[in-house]
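Shown here: protein-v9.txt, compact mmCIF, C-alpha atoms and all ligand atoms.
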# COMPACT_ATOMS: atom_id res chain seq x y z
CA MET V 3 162.86 126.56 181.40
CA ARG V 4 166.63 126.22 181.87
CA LYS V 5 168.57 124.68 178.95
CA ARG V 6 169.64 121.62 180.94
CA GLU V 7 166.07 120.93 182.10
CA PHE V 8 164.81 121.41 178.58
CA ILE V 9 167.25 118.91 177.14
CA LYS V 10 166.31 116.46 179.88
CA LYS V 11 162.64 116.90 179.05
CA ALA V 12 163.27 116.62 175.33
CA GLY V 13 165.27 113.44 176.05
CA ILE V 14 162.43 111.95 178.06
CA LEU V 15 159.97 112.92 175.35
CA GLY V 16 162.16 110.96 173.01
CA MET V 17 161.95 107.81 175.10
CA GLY V 18 159.51 106.00 172.90
CA ALA V 19 156.08 107.39 173.77
CA ALA V 20 155.15 107.16 170.06
CA MET V 21 151.75 108.42 169.02
CA SER V 22 149.07 106.15 167.61
CA ASP V 23 148.51 106.52 163.85
CA LYS V 24 145.30 108.41 164.60
CA LEU V 25 146.98 110.89 166.95
CA TYR V 26 149.88 111.34 164.56
CA LEU V 27 147.57 112.11 161.63
CA GLU V 28 145.58 114.55 163.79
CA MET V 29 148.78 116.25 164.85
CA ILE V 30 150.12 116.49 161.27
CA GLY V 31 146.68 117.60 160.06
CA LYS V 32 146.76 120.63 162.36
CA TYR V 33 149.74 121.94 160.39
CA ALA V 34 148.52 120.97 156.92
CA GLU V 35 148.26 124.56 155.71
CA VAL V 36 151.54 125.78 157.23
CA PRO V 37 154.24 126.26 154.56
CA ALA V 38 157.29 124.00 154.99
CA GLY V 39 159.64 126.96 155.51
CA GLU V 40 157.53 128.31 158.37
CA LEU V 41 157.01 124.88 159.92
CA ALA V 42 160.77 124.33 159.89
CA GLU V 43 161.00 126.88 162.73
CA ASN V 44 158.07 125.58 164.79
CA GLU V 45 159.68 123.78 167.74
CA ASP V 46 156.33 122.47 169.07
CA PHE V 47 155.73 120.55 165.86
CA TRP V 48 159.22 119.04 165.83
CA LEU V 49 159.01 118.15 169.53
CA ASP V 50 155.94 116.10 168.66
CA ILE V 51 157.92 114.37 165.91
CA ARG V 52 160.69 113.73 168.44
CA LYS V 53 158.18 111.75 170.54
CA GLU V 54 158.14 109.17 167.75
CA TYR V 55 161.74 108.16 168.55
CA ARG V 56 163.36 106.32 171.42
CA LEU V 57 166.52 108.34 171.99
CA ASN V 58 169.48 107.80 174.28
CA PRO V 59 169.17 110.64 176.83
CA ASP V 60 172.90 110.47 177.61
CA ILE V 61 174.07 111.84 174.27
CA ILE V 62 173.22 114.54 171.77
CA ASN V 63 173.27 112.51 168.58
CA LEU V 64 174.60 114.69 165.77
CA GLU V 65 175.85 111.73 163.72
CA ASN V 66 172.73 110.64 161.87
CA GLY V 67 174.54 110.47 158.54
CA TYR V 68 175.84 106.95 159.14
CA TYR V 69 172.55 105.43 160.16
CA ASN V 70 169.26 107.25 160.76
CA ILE V 71 167.61 105.88 163.87
CA ILE V 72 164.18 104.65 162.83
CA PRO V 73 161.02 105.97 164.50
CA GLU V 74 159.15 103.62 166.84
CA PRO V 75 156.19 103.03 164.48
CA THR V 76 158.55 101.77 161.73
CA LEU V 77 160.50 99.72 164.28
CA ASP V 78 157.30 98.06 165.55
CA LYS V 79 156.25 97.15 162.02
CA TYR V 80 159.74 95.87 161.25
CA ILE V 81 159.65 93.56 164.27
CA ARG V 82 156.24 92.32 163.11
CA HIS V 83 157.71 91.52 159.67
CA LEU V 84 160.52 89.60 161.32
CA ARG V 85 158.02 87.59 163.37
CA ASP V 86 155.85 86.97 160.36
CA VAL V 87 158.69 85.76 158.12
CA ASN V 88 159.90 83.57 160.97
CA TYR V 89 156.39 82.17 161.41
CA GLN V 90 156.08 81.31 157.73
CA GLY V 91 159.67 80.10 157.36
CA SER V 92 160.74 78.51 154.06
CA TYR V 93 157.16 78.71 152.82
CA TYR V 94 157.50 82.51 152.75
CA MET V 95 160.91 82.30 151.12
CA ARG V 96 159.72 79.94 148.39
CA THR V 97 156.44 81.67 147.58
CA VAL V 98 156.14 85.45 147.99
CA GLN V 99 159.67 86.59 148.90
CA THR V 100 160.68 87.75 145.41
CA ASP V 101 157.35 89.33 144.53
CA ASN V 102 157.31 91.21 147.83
CA LYS V 103 160.81 92.53 147.25
CA LYS V 104 159.77 93.75 143.79
CA ALA V 105 156.69 95.42 145.28
CA MET V 106 158.91 97.23 147.79
CA ALA V 107 161.31 98.29 145.03
CA ALA V 108 158.29 99.68 143.15
CA LYS V 109 157.46 101.84 146.20
CA MET V 110 160.95 103.29 146.06
CA ALA V 111 160.71 103.73 142.27
CA ALA V 112 157.56 105.79 142.84
CA ILE V 113 159.43 108.04 145.31
CA ALA V 114 162.38 108.29 142.91
CA GLY V 115 160.09 109.05 139.95
CA CYS V 116 161.51 106.29 137.76
CA PRO V 117 160.08 103.18 136.08
CA ALA V 118 159.88 100.21 138.46
CA ASP V 119 161.80 98.01 136.00
CA GLU V 120 164.91 100.19 136.34
CA LEU V 121 165.30 99.96 140.13
CA ILE V 122 166.31 97.18 142.53
CA LEU V 123 166.70 96.97 146.28
CA THR V 124 170.23 96.19 147.42
CA ARG V 125 171.84 96.09 150.85
CA ASN V 126 173.45 99.53 150.66
CA THR V 127 175.17 102.11 148.41
CA THR V 128 178.41 100.15 148.49
CA GLU V 129 176.74 97.14 146.91
CA SER V 130 174.80 99.29 144.42
CA LEU V 131 177.77 101.25 143.13
CA ASP V 132 180.24 98.36 143.28
CA ILE V 133 177.88 96.39 141.03
CA ILE V 134 178.39 99.11 138.42
CA ILE V 135 182.11 99.76 138.96
CA GLY V 136 182.96 96.05 139.15
CA GLY V 137 180.58 94.97 136.39
CA TYR V 138 181.32 97.72 133.86
CA PRO V 139 182.67 96.26 130.57
CA TRP V 140 186.13 97.81 131.02
CA LYS V 141 188.90 97.52 128.47
CA GLU V 142 192.57 98.10 129.20
CA GLY V 143 193.42 101.81 129.00
CA ASP V 144 189.84 102.99 129.67
CA GLU V 145 189.65 105.91 132.06
CA ALA V 146 187.34 106.82 134.94
CA VAL V 147 186.98 110.17 136.71
CA MET V 148 186.17 110.67 140.38
CA ALA V 149 186.94 113.03 143.27
CA GLU V 150 189.15 112.59 146.32
CA GLN V 151 186.07 113.60 148.36
CA ASP V 152 184.15 110.53 147.11
CA TYR V 153 183.43 107.68 149.50
CA PRO V 154 186.48 105.48 150.20
CA SER V 155 184.74 102.18 149.36
CA MET V 156 184.01 103.30 145.82
CA LEU V 157 187.50 104.73 145.39
CA SER V 158 188.87 101.33 146.53
CA MET V 159 186.68 99.54 144.00
CA PHE V 160 187.97 101.80 141.23
CA ARG V 161 191.55 101.03 142.37
CA GLN V 162 190.69 97.34 142.17
CA VAL V 163 189.36 97.58 138.59
CA GLY V 164 192.48 99.64 137.84
CA ARG V 165 194.65 96.70 138.93
CA ARG V 166 192.41 94.09 137.38
CA TYR V 167 191.61 95.59 133.97
CA GLY V 168 194.18 98.35 133.52
CA VAL V 169 191.64 101.16 133.99
CA VAL V 170 193.23 104.57 134.65
CA ASN V 171 191.57 106.58 137.44
CA ARG V 172 191.72 110.36 137.25
CA ILE V 173 191.03 112.06 140.57
CA VAL V 174 189.88 115.67 140.96
CA SER V 175 189.42 117.69 144.15
CA VAL V 176 186.11 119.51 144.69
CA PRO V 177 186.45 123.01 146.25
CA THR V 178 184.59 123.57 149.50
CA ASP V 179 182.86 126.81 148.56
CA PRO V 180 182.60 127.15 144.76
CA GLY V 181 181.72 130.47 143.19
CA SER V 182 179.49 128.91 140.54
CA ASP V 183 178.21 125.62 139.11
CA ASP V 184 180.51 126.12 136.14
CA GLU V 185 183.53 125.93 138.43
CA ILE V 186 182.52 122.38 139.37
CA VAL V 187 181.43 121.37 135.86
CA ASN V 188 184.76 122.58 134.41
CA LEU V 189 186.72 120.75 137.08
CA TYR V 190 185.24 117.45 135.91
CA ALA V 191 185.31 118.45 132.23
CA ASN V 192 189.06 119.08 132.43
CA ALA V 193 189.68 115.54 133.70
CA ILE V 194 187.87 113.90 130.76
CA THR V 195 189.94 112.57 127.84
CA GLY V 196 189.05 110.60 124.73
CA LYS V 197 189.48 107.41 126.79
CA THR V 198 187.10 108.32 129.63
CA ARG V 199 184.15 105.92 129.97
CA LEU V 200 182.64 106.59 133.39
CA LEU V 201 182.50 109.53 135.75
CA MET V 202 181.52 109.09 139.39
CA ILE V 203 180.07 112.03 141.32
CA CYS V 204 178.48 112.42 144.71
CA HIS V 205 175.02 113.94 144.75
CA MET V 206 175.88 115.19 148.26
CA ILE V 207 179.47 114.79 149.45
CA ASN V 208 179.33 112.96 152.76
CA ILE V 209 182.27 114.73 154.44
CA THR V 210 181.10 118.28 153.61
CA GLY V 211 177.37 118.08 152.78
CA HIS V 212 178.12 119.77 149.44
CA ILE V 213 175.33 119.20 146.87
CA LEU V 214 176.87 119.04 143.40
CA PRO V 215 175.22 120.38 140.21
CA VAL V 216 174.59 116.84 139.00
CA ARG V 217 172.41 117.62 136.01
CA LYS V 218 174.92 120.11 134.57
CA ILE V 219 177.79 117.67 135.09
CA CYS V 220 175.79 114.90 133.36
CA GLU V 221 174.96 117.12 130.39
CA MET V 222 178.63 118.06 130.00
CA ALA V 223 179.76 114.42 130.30
CA HIS V 224 177.15 113.11 127.87
CA ARG V 225 178.19 115.69 125.27
CA ARG V 226 181.61 114.01 125.47
CA GLY V 227 180.23 110.47 125.34
CA VAL V 228 180.92 109.74 129.03
CA GLU V 229 178.44 107.99 131.33
CA VAL V 230 177.78 109.23 134.87
CA MET V 231 177.26 107.21 138.02
CA VAL V 232 175.82 109.16 140.96
CA ASP V 233 176.50 108.32 144.60
CA GLY V 234 173.22 109.36 146.20
CA ALA V 235 173.90 107.78 149.60
CA HIS V 236 172.90 111.00 151.37
CA THR V 237 170.13 112.43 149.24
CA VAL V 238 167.27 109.91 149.13
CA GLY V 239 164.90 110.90 151.95
CA HIS V 240 166.94 114.06 152.64
CA ILE V 241 166.31 116.41 149.69
CA SER V 242 163.45 116.29 147.17
CA PHE V 243 164.33 115.21 143.63
CA THR V 244 163.61 112.50 141.10
CA ILE V 245 166.35 110.35 139.62
CA PRO V 246 165.40 111.09 135.97
CA GLU V 247 165.72 114.84 136.54
CA LEU V 248 169.38 114.33 137.44
CA GLY V 249 170.04 113.07 133.90
CA CYS V 250 172.54 110.40 135.04
CA ASP V 251 173.06 106.79 133.92
CA TYR V 252 173.41 104.97 137.26
CA PHE V 253 172.33 105.97 140.77
CA GLY V 254 172.87 104.24 144.10
CA SER V 255 171.71 105.06 147.61
CA SER V 256 171.47 103.67 151.15
CA LEU V 257 167.93 103.61 152.49
CA HIS V 258 169.07 103.09 156.10
CA LYS V 259 170.40 106.63 155.95
CA TRP V 260 167.89 109.46 155.40
CA MET V 261 165.00 107.25 154.30
CA SER V 262 165.04 105.62 157.77
CA VAL V 263 164.61 102.05 156.59
CA PRO V 264 166.14 99.55 159.08
CA LEU V 265 169.83 98.69 158.55
CA GLY V 266 170.86 96.87 155.39
CA SER V 267 168.78 98.52 152.71
CA GLY V 268 169.79 100.35 149.55
CA LEU V 269 168.73 100.96 145.99
CA LEU V 270 170.31 100.79 142.58
CA TRP V 271 168.83 102.51 139.54
CA VAL V 272 170.19 101.71 136.07
CA LYS V 273 168.97 103.44 132.93
CA LYS V 274 167.16 100.78 130.90
CA GLU V 275 169.55 100.85 127.95
CA HIS V 276 172.58 100.11 130.19
CA ILE V 277 171.17 97.11 132.05
CA ARG V 278 172.37 94.52 129.54
CA LYS V 279 176.01 95.61 129.47
CA ILE V 280 176.76 95.41 133.21
CA TRP V 281 178.23 92.10 134.43
CA PRO V 282 176.41 90.99 137.62
CA LEU V 283 178.68 90.80 140.69
CA MET V 284 176.97 87.50 141.52
CA ALA V 285 175.72 85.48 138.58
CA PRO V 286 171.93 85.13 138.57
CA PHE V 287 170.05 81.81 138.16
CA GLU V 288 168.68 83.05 134.87
CA ASP V 289 170.32 85.92 132.97
CA LYS V 290 167.73 87.90 131.01
CA PRO V 291 169.70 90.76 129.38
CA GLU V 292 167.05 93.48 129.70
CA ASP V 293 165.85 92.53 133.18
CA ILE V 294 167.42 94.51 136.04
CA SER V 295 166.88 91.59 138.43
CA ARG V 296 169.95 90.00 136.77
CA LEU V 297 172.00 92.46 138.87
CA ASN V 298 170.12 91.61 142.07
CA HIS V 299 171.24 88.06 142.85
CA THR V 300 172.71 87.75 146.34
CA GLY V 301 171.57 84.46 147.88
CA THR V 302 169.48 84.37 151.04
CA LEU V 303 168.97 87.68 152.86
CA PRO V 304 167.19 89.08 155.93
CA VAL V 305 164.08 89.65 153.81
CA HIS V 306 162.07 91.29 156.61
CA THR V 307 164.23 94.40 156.01
CA ASP V 308 162.80 94.64 152.48
CA LEU V 309 159.30 94.60 153.90
CA ALA V 310 160.04 97.63 156.09
CA VAL V 311 160.73 99.78 153.00
CA GLU V 312 157.01 100.33 152.57
CA ASP V 313 156.63 101.40 156.20
CA ALA V 314 159.54 103.84 155.98
CA VAL V 315 158.18 105.29 152.73
CA GLU V 316 154.76 105.74 154.32
CA TYR V 317 156.30 107.45 157.34
CA TYR V 318 158.37 109.74 155.14
CA LEU V 319 155.40 110.73 152.98
CA ARG V 320 153.20 111.41 156.00
CA LEU V 321 155.78 113.71 157.54
CA GLY V 322 156.25 115.31 154.12
CA PRO V 323 159.49 115.35 152.06
CA GLY V 324 159.38 119.17 151.70
CA ARG V 325 158.92 119.64 155.45
CA LYS V 326 161.77 117.29 156.29
CA GLU V 327 164.15 118.98 153.85
CA ALA V 328 163.21 122.45 155.09
CA ARG V 329 163.72 121.43 158.73
CA LEU V 330 167.10 119.81 158.06
CA ARG V 331 168.31 122.87 156.15
CA TYR V 332 166.98 125.17 158.90
CA LEU V 333 168.80 123.16 161.58
CA GLN V 334 172.07 123.31 159.67
CA HIS V 335 171.89 127.08 159.28
CA TYR V 336 170.67 127.47 162.86
CA TRP V 337 174.12 126.48 164.08
CA THR V 338 176.45 127.20 161.14
CA ASP V 339 175.31 130.84 160.81
CA LYS V 340 176.32 131.39 164.44
CA VAL V 341 179.85 130.03 164.09
CA ARG V 342 180.86 130.36 160.43
CA ASN V 343 182.59 133.72 160.82
CA LEU V 344 184.31 133.11 164.15
CA PRO V 345 188.08 133.58 163.66
CA HIS V 346 189.06 130.19 165.14
CA ILE V 347 186.44 128.24 163.15
CA GLU V 348 186.86 126.64 159.73
CA MET V 349 183.71 125.58 157.88
CA TYR V 350 183.95 122.89 155.20
CA THR V 351 180.41 123.28 153.85
CA PRO V 352 179.39 125.73 151.10
CA SER V 353 177.95 129.02 152.37
CA ASP V 354 175.32 129.11 149.56
CA PRO V 355 172.15 127.54 151.12
CA ALA V 356 171.27 125.91 147.78
CA ARG V 357 174.50 123.88 147.89
CA SER V 358 173.82 122.02 151.14
CA CYS V 359 171.03 120.79 153.40
CA GLY V 360 171.29 119.07 156.82
CA ILE V 361 174.97 118.04 156.75
CA ALA V 362 177.79 120.45 157.63
CA THR V 363 181.37 120.04 158.79
CA VAL V 364 183.21 122.29 161.21
CA GLY V 365 186.81 122.46 162.32
CA VAL V 366 188.70 124.40 164.98
CA LYS V 367 191.85 125.85 163.44
CA GLY V 368 194.98 124.05 164.61
CA MET V 369 193.04 121.23 166.30
CA LYS V 370 192.98 117.62 165.11
CA PRO V 371 189.44 116.53 164.18
CA SER V 372 189.72 113.49 166.48
CA ASP V 373 190.58 115.81 169.41
CA LEU V 374 187.64 118.08 168.58
CA GLY V 375 185.36 115.03 168.39
CA ASP V 376 186.67 113.82 171.78
CA ILE V 377 186.09 117.17 173.50
CA LEU V 378 182.61 117.52 172.01
CA PHE V 379 181.73 114.07 173.25
CA LYS V 380 183.45 113.99 176.64
CA LYS V 381 182.69 117.53 177.74
CA TYR V 382 179.41 118.26 175.96
CA LYS V 383 177.98 114.75 175.23
CA ILE V 384 177.75 115.68 171.56
CA TYR V 385 178.39 112.79 169.19
CA THR V 386 179.76 113.76 165.74
CA ALA V 387 181.94 112.15 163.05
CA PRO V 388 185.55 113.45 162.82
CA VAL V 389 186.90 113.70 159.26
CA ASP V 390 190.60 114.18 158.52
CA GLY V 391 191.48 114.01 154.84
CA ALA V 392 190.66 115.11 151.27
CA GLY V 393 191.07 118.75 152.38
CA VAL V 394 188.59 118.39 155.25
CA HIS V 395 189.72 118.62 158.88
CA GLY V 396 186.74 118.85 161.17
CA CYS V 397 183.75 117.11 162.66
CA ARG V 398 180.77 116.28 160.48
CA VAL V 399 177.49 117.28 162.11
CA THR V 400 174.33 115.54 160.91
CA PRO V 401 171.13 116.43 162.76
CA ASN V 402 167.88 114.52 162.26
CA VAL V 403 164.19 115.44 162.43
CA PHE V 404 164.28 114.81 166.20
CA THR V 405 167.16 117.23 166.79
CA THR V 406 166.15 120.28 168.84
CA THR V 407 167.52 123.80 168.48
CA GLU V 408 168.44 123.58 172.18
CA GLU V 409 170.76 120.68 171.38
CA LEU V 410 172.33 122.80 168.66
CA ASP V 411 172.73 125.65 171.16
CA VAL V 412 174.96 123.29 173.14
CA LEU V 413 177.02 122.71 169.98
CA VAL V 414 177.33 126.45 169.32
CA ARG V 415 178.37 127.10 172.92
CA ALA V 416 180.95 124.31 172.69
CA LEU V 417 182.39 125.68 169.44
CA LYS V 418 182.69 129.13 170.98
CA GLU V 419 184.41 127.76 174.09
CA ILE V 420 186.81 125.33 172.38
CA LYS V 421 189.83 127.21 171.04
C1 LIG Y 1 178.77 109.29 150.00
C2 LIG Y 1 178.68 107.88 150.52
N1 LIG Y 1 178.70 106.88 149.64
C3 LIG Y 1 178.60 105.61 150.03
C4 LIG Y 1 178.48 105.28 151.36
C5 LIG Y 1 178.40 103.84 151.74
O1 LIG Y 1 177.17 103.58 152.32
P1 LIG Y 1 176.88 102.13 152.88
O2 LIG Y 1 177.88 101.85 153.95
O3 LIG Y 1 175.49 102.21 153.39
O4 LIG Y 1 177.05 101.22 151.74
C6 LIG Y 1 178.46 106.28 152.31
C7 LIG Y 1 178.34 105.97 153.74
O5 LIG Y 1 178.36 106.78 154.61
C8 LIG Y 1 178.55 107.62 151.88
O6 LIG Y 1 178.54 108.63 152.75
Take the structure in the file and write it out as structure tokens.
Amino acid sequence: MRKREFIKKAGILGMGAAMSDKLYLEMIGKYAEVPAGELAENEDFWLDIRKEYRLNPDIINLENGYYNIIPEPTLDKYIRHLRDVNYQGSYYMRTVQTDNKKAMAAKMAAIAGCPADELILTRNTTESLDIIIGGYPWKEGDEAVMAEQDYPSMLSMFRQVGRRYGVVNRIVSVPTDPGSDDEIVNLYANAITGKTRLLMICHMINITGHILPVRKICEMAHRRGVEVMVDGAHTVGHISFTIPELGCDYFGSSLHKWMSVPLGSGLLWVKKEHIRKIWPLMAPFEDKPEDISRLNHTGTLPVHTDLAVEDAVEYYLRLGPGRKEARLRYLQHYWTDKVRNLPHIEMYTPSDPARSCGIATVGVKGMKPSDLGDILFKKYKIYTAPVDGAGVHGCRVTPNVFTTTEELDVLVRALKEIK
């Protein structure tokens, strides 16, 4: 089959002909014994997964890092939750709303391997991490450490607490392709002083896909009496881990990213012993010092989104976290291995496979990222996210489980042609 015809077919397959639960389980069951690494390369399997999505046939969507399109079965259930909450109205809101939200948070706690009383559902990573940055009991002259590659919203919040409380922010720059974990650990260690209280690190840097050695950084920081807040926006539902094994103090993530919960869903985990010292961003009705729900007061919300957490978790577990991670890593290397060493190409993602997964960023030397993004989109219909700053000048490419290798062939061809 010619490439163009294939992409057309794959696009049509992705037009929403989702399988019934029974068919899906039968299909998954056929591959139960196949190791994740082997399955990662089985295009038939992933074409079946693609059928679960309604995809726009006019574009090759390689920008799934902002928002992961949700599969049709989750979308259907989400719409049912919306109808149900609307049907029950205030009765729902006054009776089971809070308990249901807690039950959904417990589902995420189970995935994250942490106690349910240390995790709340928020609207996104921004809310989760800003609760910590804004509510930390800062004193004038305290210091915080972060990287220029961290997400701009959190950097802005640190600037705000700098202006408000006199906190001094020390900013490091993470190298693109470190030679060892120690290089990264020492970078952060060198920025710590006797006044440092909090260190922010990305679990996976969004503009490069770089996975940091979080546990080693936390151990180093704790030896110096510094707490660590982890920005896990891109790791929940993307790579397999538990929050406790990271050894951090605070962890935030967006569930509408790789966990494929509908838009407006995040989580915040706070180590039990720290819950009482954080000032809530919005004062709760009742402030119980040890109860994490004190940090979760927001007023009225689109609560049907909370209910979809369970559906997304179920979908994720049925597909298999190990399989998803292996496929995303395979897809990244499928295209980056073909272009990394081309003389006109600049890669901004570590070459060591253990330091990245699905996300990678590519630049064309001498070309503005916005121009590269425009050419990829206008000439090749490939949608990416241009990044121009913090030492990164390229387009971020984030495939999803529905991405085909044929789509990535188009990207590789484009990168070879654009000079
Ligand atoms: C590393 C990182 N942190 C935080 C965020 C903010 O996520 P949200 O907009 O869902 O709050 C993003 C969004 O892309 C991100 O990439």
TODO: Determine the nearest neighbour of V:His346 from the options V:Val399, V:Ile213, V:Ala108, V:Ile420, counting all atoms listed in the file.
DONE: V:Ile420
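Of the listed residues (V:Ile377, V:Ile194, V:Glu120, V:Leu214), V:Glu120 comes nearest to V:Glu292; the distances count all atoms listed in the file.
The residue set within 9 Å of stretch 365-370 of chain V, counting all atoms listed in the file and dropping same-chain residues fewer than 6 places from it, reads Pro345, His346, Ile347, Glu348, Met349, Tyr350, Pro388, Asp390, Val394, His395, Gly396, Cys397, Arg398, Leu417, Ile420 and Lys421 of chain V.
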Go ahead and save the picked residues with C-alpha atoms, as a short mmCIF file (atom, residue, chain, number, x, y, z; two decimals), keeping the file's coordinate frame.
data_model
loop_
_atom_site.label_atom_id
_atom_site.label_comp_id
_atom_site.auth_asym_id
_atom_site.auth_seq_id
_atom_site.Cartn_x
_atom_site.Cartn_y
_atom_site.Cartn_z
CA PRO V 345 188.08 133.58 163.66
CA HIS V 346 189.06 130.19 165.14
CA ILE V 347 186.44 128.24 163.15
CA GLU V 348 186.86 126.64 159.73
CA MET V 349 183.71 125.58 157.88
CA TYR V 350 183.95 122.89 155.20
CA PRO V 388 185.55 113.45 162.82
CA ASP V 390 190.60 114.18 158.52
CA VAL V 394 188.59 118.39 155.25
CA HIS V 395 189.72 118.62 158.88
CA GLY V 396 186.74 118.85 161.17
CA CYS V 397 183.75 117.11 162.66
CA ARG V 398 180.77 116.28 160.48
CA LEU V 417 182.39 125.68 169.44
CA ILE V 420 186.81 125.33 172.38
CA LYS V 421 189.83 127.21 171.04
#
TODO: Find the residues near ligand LIG 1 (chain Y). Use a cut-off of 9 Å, count all atoms listed in the file, and write them as a ChimeraX atom specification.
DONE: /V:67-69,125-131,151-156,204-209,233-236,254-259,265-268
- [ ] Tell me, as a VMD selection string, which residues lie within 8 Å of V:Tyr138, counting only C-alpha atoms; anything in the same chain fewer than 6 positions away does not count.
- [x] chain V and resid 279 to 281
Task: Of the listed residues V:Ile294, V:Val263, V:Asn171, V:Ile61, that which approaches V:Lys381 most closely, counting all atoms listed in the file - done: V:Ile61
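Near V:Tyr33, within 12 Å and counting only C-alpha atoms, sit Tyr26, Leu27, Glu40, Leu41, Ala42, Asn44, Asp46, Phe47, Trp48, Asp50, Arg320, Leu321, Gly322 and Arg325 of chain V, not including residues fewer than 6 positions from it in the same chain.
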TODO: Name the residues, using the chain letters and numbers of the file, that sit within 9 Å of (177.1, 127.4, 164.2) when counting only C-alpha atoms, and give them as a ChimeraX atom specification.
DONE: /V:334-342,364,410-411,413-415,417-418
Open item on the list: One decimal, in Å: what's the spacing between atom CA of V:Gly168 and atom CA of V:Leu201?
Closed with: 16.3 Å
Open item on the list: Every residue with an atom at most 12 Å from (165.9, 116.1, 147.4) (file coordinates; all atoms listed in the file) is what I'm after, so could you write them as an MDAnalysis selection string?
Closed with: chainID V and resid 113:115 205:206 213 234:245 247:248 260:261 322:328 330:331 356:360
TODO: Pick out the residues sitting within 7 Å of stretch 215-225 of chain V, and hand them over as a ChimeraX atom specification; count all atoms listed in the file, and ignore anything fewer than 4 positions along from it in its own chain.
DONE: /V:183,187,205,229-230,248-250
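Proximity ranking of V:Ala112, V:Ile277, V:Ile173, V:Val403 relative to V:Glu43 places V:Val403 first, based on only C-alpha atoms.
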Task: Nearest candidate to V:Ala387 (options V:Ile81, V:Leu344, V:Leu200, V:Leu64; using all atoms listed in the file) - done: V:Leu64
Task: For V:Val98, the nearest of the candidates V:Tyr332, V:Glu408, V:His306, V:Ala362, counting only C-alpha atoms - done: V:His306
Would you kindly place N, CA and C atoms on stretch 52-64 of chain V and return the model as an mmCIF file, in the coordinates of the input?
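Full text of out08.cif as output:
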data_model
loop_
_atom_site.group_PDB
_atom_site.id
_atom_site.type_symbol
_atom_site.label_atom_id
_atom_site.label_comp_id
_atom_site.auth_asym_id
_atom_site.auth_seq_id
_atom_site.Cartn_x
_atom_site.Cartn_y
_atom_site.Cartn_z
ATOM 1 N N ARG V 52 159.660 114.342 167.600
ATOM 2 C CA ARG V 52 160.690 113.730 168.440
ATOM 3 C C ARG V 52 160.108 112.598 169.312
ATOM 4 N N LYS V 53 158.835 112.770 169.690
ATOM 5 C CA LYS V 53 158.180 111.750 170.540
ATOM 6 C C LYS V 53 158.098 110.397 169.829
ATOM 7 N N GLU V 54 158.242 110.416 168.525
ATOM 8 C CA GLU V 54 158.140 109.170 167.750
ATOM 9 C C GLU V 54 159.412 108.318 167.856
ATOM 10 N N TYR V 55 160.441 108.848 168.495
ATOM 11 C CA TYR V 55 161.740 108.160 168.550
ATOM 12 C C TYR V 55 162.089 107.774 169.973
ATOM 13 N N ARG V 56 162.794 106.663 170.116
ATOM 14 C CA ARG V 56 163.360 106.320 171.420
ATOM 15 C C ARG V 56 164.838 106.721 171.353
ATOM 16 N N LEU V 57 165.171 107.766 172.102
ATOM 17 C CA LEU V 57 166.520 108.340 171.990
ATOM 18 C C LEU V 57 167.302 108.133 173.283
ATOM 19 N N ASN V 58 168.602 107.947 173.124
ATOM 20 C CA ASN V 58 169.480 107.800 174.280
ATOM 21 C C ASN V 58 169.627 109.174 174.951
ATOM 22 N N PRO V 59 169.124 109.321 176.191
ATOM 23 C CA PRO V 59 169.170 110.640 176.830
ATOM 24 C C PRO V 59 170.577 111.070 177.232
ATOM 25 N N ASP V 60 171.543 110.147 177.151
ATOM 26 C CA ASP V 60 172.900 110.470 177.610
ATOM 27 C C ASP V 60 173.742 111.155 176.543
ATOM 28 N N ILE V 61 173.266 111.164 175.303
ATOM 29 C CA ILE V 61 174.070 111.840 174.270
ATOM 30 C C ILE V 61 173.202 112.735 173.390
ATOM 31 N N ILE V 62 173.857 113.728 172.815
ATOM 32 C CA ILE V 62 173.220 114.540 171.770
ATOM 33 C C ILE V 62 173.720 113.942 170.459
ATOM 34 N N ASN V 63 172.850 113.247 169.771
ATOM 35 C CA ASN V 63 173.270 112.510 168.580
ATOM 36 C C ASN V 63 173.281 113.421 167.356
ATOM 37 N N LEU V 64 174.467 113.880 166.993
ATOM 38 C CA LEU V 64 174.600 114.690 165.770
ATOM 39 C C LEU V 64 175.411 113.910 164.737
#
